[in-house]
file input12.cif (mmCIF, C-alpha atoms and all ligand atoms; chains and numbers go by the auth columns)
data_data
#
loop_
_atom_site.group_PDB
_atom_site.id
_atom_site.type_symbol
_atom_site.label_atom_id
_atom_site.label_comp_id
_atom_site.label_asym_id
_atom_site.label_seq_id
_atom_site.Cartn_x
_atom_site.Cartn_y
_atom_site.Cartn_z
_atom_site.B_iso_or_equiv
_atom_site.auth_seq_id
_atom_site.auth_asym_id
ATOM 1 C CA MET A 1 18.950 99.731 136.153 0.00 1 A
ATOM 2 C CA ARG A 2 15.232 99.402 136.128 0.00 2 A
ATOM 3 C CA THR A 3 13.014 102.284 135.098 0.00 3 A
ATOM 4 C CA PRO A 4 11.151 103.613 138.112 0.00 4 A
ATOM 5 C CA ILE A 5 7.389 103.107 138.155 0.00 5 A
ATOM 6 C CA GLN A 6 5.600 106.060 136.648 0.00 6 A
ATOM 7 C CA ASP A 7 2.111 106.581 137.960 0.00 7 A
ATOM 8 C CA GLU A 8 -0.005 109.051 139.865 0.00 8 A
ATOM 9 C CA PHE A 9 2.001 108.457 143.034 0.00 9 A
ATOM 10 C CA THR A 10 5.496 108.916 141.622 0.00 10 A
ATOM 11 C CA TYR A 11 5.901 112.601 142.402 0.00 11 A
ATOM 12 C CA LEU A 12 3.929 112.823 145.604 0.00 12 A
ATOM 13 C CA PRO A 13 5.988 114.137 148.527 0.00 13 A
ATOM 14 C CA ILE A 14 5.557 110.959 150.546 0.00 14 A
ATOM 15 C CA SER A 15 7.844 108.112 151.476 0.00 15 A
ATOM 16 C CA ARG A 16 8.482 105.181 149.168 0.00 16 A
ATOM 17 C CA GLN A 17 6.798 102.872 151.641 0.00 17 A
ATOM 18 C CA ARG A 18 3.657 104.998 151.657 0.00 18 A
ATOM 19 C CA LYS A 19 3.559 104.996 147.851 0.00 19 A
ATOM 20 C CA TYR A 20 3.899 101.232 147.875 0.00 20 A
ATOM 21 C CA GLN A 21 0.932 101.027 150.217 0.00 21 A
ATOM 22 C CA LEU A 22 -1.135 103.404 148.107 0.00 22 A
ATOM 23 C CA ARG A 23 -0.426 101.376 144.973 0.00 23 A
ATOM 24 C CA LYS A 24 -1.430 98.186 146.722 0.00 24 A
ATOM 25 C CA LYS A 25 -4.578 99.837 147.965 0.00 25 A
ATOM 26 C CA ARG A 26 -5.403 100.980 144.458 0.00 26 A
ATOM 27 C CA ASP A 27 -4.849 97.465 143.143 0.00 27 A
ATOM 28 C CA LYS A 28 -6.914 95.949 145.991 0.00 28 A
ATOM 29 C CA ARG A 29 -3.946 94.098 147.372 0.00 29 A
ATOM 30 C CA CYS A 30 -2.592 93.546 150.852 0.00 30 A
ATOM 31 C CA THR A 31 -0.302 96.441 151.766 0.00 31 A
ATOM 32 C CA GLU A 32 2.018 94.069 153.601 0.00 32 A
ATOM 33 C CA CYS A 33 2.582 91.159 151.259 0.00 33 A
ATOM 34 C CA GLY A 34 0.753 91.923 148.001 0.00 34 A
ATOM 35 C CA ALA A 35 -1.709 89.023 148.266 0.00 35 A
ATOM 36 C CA PRO A 36 -5.308 89.714 147.224 0.00 36 A
ATOM 37 C CA ALA A 37 -6.950 91.821 149.938 0.00 37 A
ATOM 38 C CA ILE A 38 -9.971 90.345 151.670 0.00 38 A
ATOM 39 C CA ARG A 39 -11.163 93.359 153.569 0.00 39 A
ATOM 40 C CA GLY A 40 -9.790 96.877 153.304 0.00 40 A
ATOM 41 C CA VAL A 41 -6.133 96.693 152.382 0.00 41 A
ATOM 42 C CA ARG A 42 -5.135 93.470 154.098 0.00 42 A
ATOM 43 C CA CYS A 43 -5.173 89.793 153.249 0.00 43 A
ATOM 44 C CA LEU A 44 -6.568 87.344 155.770 0.00 44 A
ATOM 45 C CA LYS A 45 -3.185 86.588 157.270 0.00 45 A
ATOM 46 C CA HIS A 46 -2.379 90.221 157.923 0.00 46 A
ATOM 47 C CA LEU A 47 -5.926 90.979 158.977 0.00 47 A
ATOM 48 C CA VAL A 48 -5.462 88.463 161.769 0.00 48 A
ATOM 49 C CA MET A 49 -1.978 89.717 162.534 0.00 49 A
ATOM 50 C CA ALA A 50 -3.191 93.299 162.824 0.00 50 A
ATOM 51 C CA ARG A 51 -6.020 92.188 165.078 0.00 51 A
ATOM 52 C CA GLU A 52 -3.728 90.317 167.432 0.00 52 A
ATOM 53 C CA LEU A 53 -1.370 93.277 167.571 0.00 53 A
ATOM 54 C CA GLN A 54 -4.234 95.547 168.557 0.00 54 A
ATOM 55 C CA ARG A 55 -5.338 93.156 171.282 0.00 55 A
ATOM 56 C CA LYS A 56 -1.843 93.028 172.724 0.00 56 A
ATOM 57 C CA LYS A 57 -1.560 96.798 172.705 0.00 57 A
ATOM 58 C CA ARG A 58 -4.877 97.307 174.442 0.00 58 A
ATOM 59 C CA GLY A 59 -4.550 94.290 176.701 0.00 59 A
ATOM 60 C CA LEU A 60 -7.907 92.890 175.679 0.00 60 A
ATOM 61 C CA LYS A 61 -8.915 89.494 176.922 0.00 61 A
ATOM 62 C CA ARG A 62 -12.247 88.946 175.256 0.00 62 A
ATOM 63 C CA ARG A 63 -12.703 87.689 171.737 0.00 63 A
ATOM 64 C CA TYR A 64 -15.362 89.669 169.967 0.00 64 A
ATOM 65 C CA LYS A 65 -17.371 88.395 167.032 0.00 65 A
ATOM 66 C CA THR A 66 -15.322 90.333 164.577 0.00 66 A
ATOM 67 C CA LEU A 67 -15.191 89.807 160.855 0.00 67 A
ATOM 68 C CA SER A 68 -11.675 88.411 160.859 0.00 68 A
ATOM 69 C CA TYR A 69 -12.683 85.520 163.136 0.00 69 A
ATOM 70 C CA ARG A 70 -15.464 84.474 160.811 0.00 70 A
ATOM 71 C CA LEU A 71 -13.162 84.654 157.818 0.00 71 A
ATOM 72 C CA GLN A 72 -10.533 82.683 159.697 0.00 72 A
ATOM 73 C CA ARG A 73 -13.004 79.899 160.370 0.00 73 A
ATOM 74 C CA GLN A 74 -14.106 79.801 156.752 0.00 74 A
ATOM 75 C CA ALA A 75 -10.541 79.488 155.495 0.00 75 A
HETATM 76 ZN ZN ZN B . -0.748 90.165 153.629 0.00 101 A
#

call {"tool": "encode", "arguments": {"input": "input12.cif", "output": "structure tokens", "more": "lines below"}}
Ligand SMILES: [Zn+2]
result
Amino acid sequence: MRTPIQDEFTYLPISRQRKYQLRKKRDKRCTECGAPAIRGVRCLKHLVMARELQRKKRGLKRRYKTLSYRLQRQA
């Protein structure tokens, strides 16, 4: 068996998933897939995914000049 990770999050009363996210955030990595984060805690792929999810939820039709679009075009 592997030794569990020992760090500042180990004994916090939060779920394992939340700890995973906090560690990723600390390491400036995407909380979803562990790729280098571009903005906040998400890589470009998940930045776009999160954006599209939000649009669906709110039923938005317009495309605003948001950061993720510019980054998408650059990539
Ligand atoms: Zn990702």

call {"tool": "atom_distance", "arguments": {"input": "input12.cif", "atom1": "CA of Gly40 in chain A", "atom2": "CA of Lys25 in chain A"}}
result
8.0 Å

call {"tool": "residues_near_ligand", "arguments": {"input": "input12.cif", "ligand": "ligand ZN 101 (chain A)", "cutoff": "8 Å", "atoms": "all atoms listed in the file", "output": "PDB file with C-alpha atoms, in the coordinates of the input"}}
result
ATOM      1  CA  CYS A  30      -2.592  93.546 150.852  1.00  0.00           C
ATOM      2  CA  THR A  31      -0.302  96.441 151.766  1.00  0.00           C
ATOM      3  CA  GLU A  32       2.018  94.069 153.601  1.00  0.00           C
ATOM      4  CA  CYS A  33       2.582  91.159 151.259  1.00  0.00           C
ATOM      5  CA  GLY A  34       0.753  91.923 148.001  1.00  0.00           C
ATOM      6  CA  ALA A  35      -1.709  89.023 148.266  1.00  0.00           C
ATOM      7  CA  PRO A  36      -5.308  89.714 147.224  1.00  0.00           C
ATOM      8  CA  ALA A  37      -6.950  91.821 149.938  1.00  0.00           C
ATOM      9  CA  ARG A  42      -5.135  93.470 154.098  1.00  0.00           C
ATOM     10  CA  CYS A  43      -5.173  89.793 153.249  1.00  0.00           C
ATOM     11  CA  LEU A  44      -6.568  87.344 155.770  1.00  0.00           C
ATOM     12  CA  LYS A  45      -3.185  86.588 157.270  1.00  0.00           C
ATOM     13  CA  HIS A  46      -2.379  90.221 157.923  1.00  0.00           C
ATOM     14  CA  LEU A  47      -5.926  90.979 158.977  1.00  0.00           C
TER      15      LEU A  47
END

call {"tool": "axis_aligned_box", "arguments": {"input": "input12.cif", "around": "range 35-46 of chain A", "padding_each_side": "4 Å", "output": "JSON"}}
result
{"center_x": -6.4, "center_y": 91.7, "center_z": 152.6, "size_x": 17.5, "size_y": 18.3, "size_z": 18.7}

call {"tool": "atom_distance", "arguments": {"input": "input12.cif", "atom1": "CA of Arg58 in chain A", "atom2": "CA of Leu71 in chain A"}}
result
22.5 Å

call {"tool": "residues_around", "arguments": {"input": "input12.cif", "residues": "Tyr20 in chain A", "least_positions_apart": "2", "cutoff": "12 Å", "atoms": "all atoms listed in the file", "output": "ChimeraX atom specification"}}
result
/A:5,7-10,12,14-18,22-27,29-34,41

call {"tool": "resolve_selection", "arguments": {"input": "input12.cif", "expression": "the PyMOL selection byres (((chain A and resi 51) around 12) and not hetatm)", "output": "PyMOL selection string"}}
result
chain A and resi 42+44-50+52-60+63-64+66-69+72

call {"tool": "decode", "arguments": {"input": "input12.cif", "residues": "chain A", "atoms": "C-alpha atoms", "output": "short mmCIF file (atom, residue, chain, number, x, y, z; two decimals), in the first residue's frame"}}
result
data_model
loop_
_atom_site.label_atom_id
_atom_site.label_comp_id
_atom_site.auth_asym_id
_atom_site.auth_seq_id
_atom_site.Cartn_x
_atom_site.Cartn_y
_atom_site.Cartn_z
CA MET A 1 0.00 0.00 0.00
CA ARG A 2 1.10 3.49 -0.75
CA THR A 3 1.77 5.97 2.03
CA PRO A 4 -0.91 8.65 2.03
CA ILE A 5 0.19 12.16 1.08
CA GLN A 6 1.16 14.14 4.13
CA ASP A 7 0.72 17.86 3.76
CA GLU A 8 -1.21 20.78 5.17
CA PHE A 9 -4.47 19.40 3.79
CA THR A 10 -4.23 15.85 5.11
CA TYR A 11 -6.14 16.36 8.34
CA LEU A 12 -8.63 18.96 7.23
CA PRO A 13 -12.25 17.86 7.72
CA ILE A 14 -13.04 18.07 4.02
CA SER A 15 -13.65 15.51 1.32
CA ARG A 16 -10.82 13.83 -0.56
CA GLN A 17 -11.96 15.50 -3.75
CA ARG A 18 -11.79 18.93 -2.15
CA LYS A 19 -8.27 18.23 -0.88
CA TYR A 20 -7.26 17.16 -4.36
CA GLN A 21 -8.57 20.45 -5.70
CA LEU A 22 -6.80 22.46 -3.02
CA ARG A 23 -3.50 20.72 -3.77
CA LYS A 24 -3.90 21.41 -7.46
CA LYS A 25 -4.70 25.02 -6.72
CA ARG A 26 -1.61 25.30 -4.57
CA ASP A 27 0.50 23.80 -7.34
CA LYS A 28 -1.12 26.07 -9.96
CA ARG A 29 -2.61 23.15 -11.80
CA CYS A 30 -6.00 22.47 -13.33
CA THR A 31 -8.30 21.04 -10.66
CA GLU A 32 -9.89 18.73 -13.21
CA CYS A 33 -7.02 17.12 -15.07
CA GLY A 34 -3.78 18.35 -13.48
CA ALA A 35 -2.51 20.18 -16.57
CA PRO A 36 -0.82 23.55 -16.01
CA ALA A 37 -3.50 26.10 -15.15
CA ILE A 38 -3.86 29.07 -17.48
CA ARG A 39 -6.19 31.20 -15.45
CA GLY A 40 -7.35 30.53 -11.91
CA VAL A 41 -7.41 26.80 -11.33
CA ARG A 42 -8.29 25.57 -14.80
CA CYS A 43 -6.41 24.69 -17.95
CA LEU A 44 -7.62 26.07 -21.25
CA LYS A 45 -9.66 22.99 -22.06
CA HIS A 46 -11.56 23.08 -18.79
CA LEU A 47 -11.82 26.85 -18.86
CA VAL A 48 -13.75 26.49 -22.10
CA MET A 49 -15.74 23.56 -20.77
CA ALA A 50 -16.76 25.49 -17.67
CA ARG A 51 -17.75 28.45 -19.81
CA GLU A 52 -19.96 26.38 -22.07
CA LEU A 53 -21.59 24.74 -19.07
CA GLN A 54 -22.42 28.14 -17.63
CA ARG A 55 -23.92 29.29 -20.91
CA LYS A 56 -26.12 26.22 -21.10
CA LYS A 57 -27.30 26.69 -17.54
CA ARG A 58 -28.17 30.34 -18.05
CA GLY A 59 -29.43 29.89 -21.59
CA LEU A 60 -27.20 32.62 -22.95
CA LYS A 61 -27.06 33.16 -26.66
CA ARG A 62 -24.50 35.90 -27.01
CA ARG A 63 -20.77 35.35 -27.06
CA TYR A 64 -19.04 37.92 -24.93
CA LYS A 65 -15.44 38.97 -25.37
CA THR A 66 -14.30 36.89 -22.49
CA LEU A 67 -10.76 35.88 -21.71
CA SER A 68 -11.27 32.23 -22.59
CA TYR A 69 -12.24 33.10 -26.18
CA ARG A 70 -9.06 35.07 -26.71
CA LEU A 71 -6.97 32.27 -25.25
CA GLN A 72 -8.80 29.76 -27.41
CA ARG A 73 -7.94 31.71 -30.53
CA GLN A 74 -4.30 31.99 -29.54
CA ALA A 75 -3.99 28.25 -28.98
#
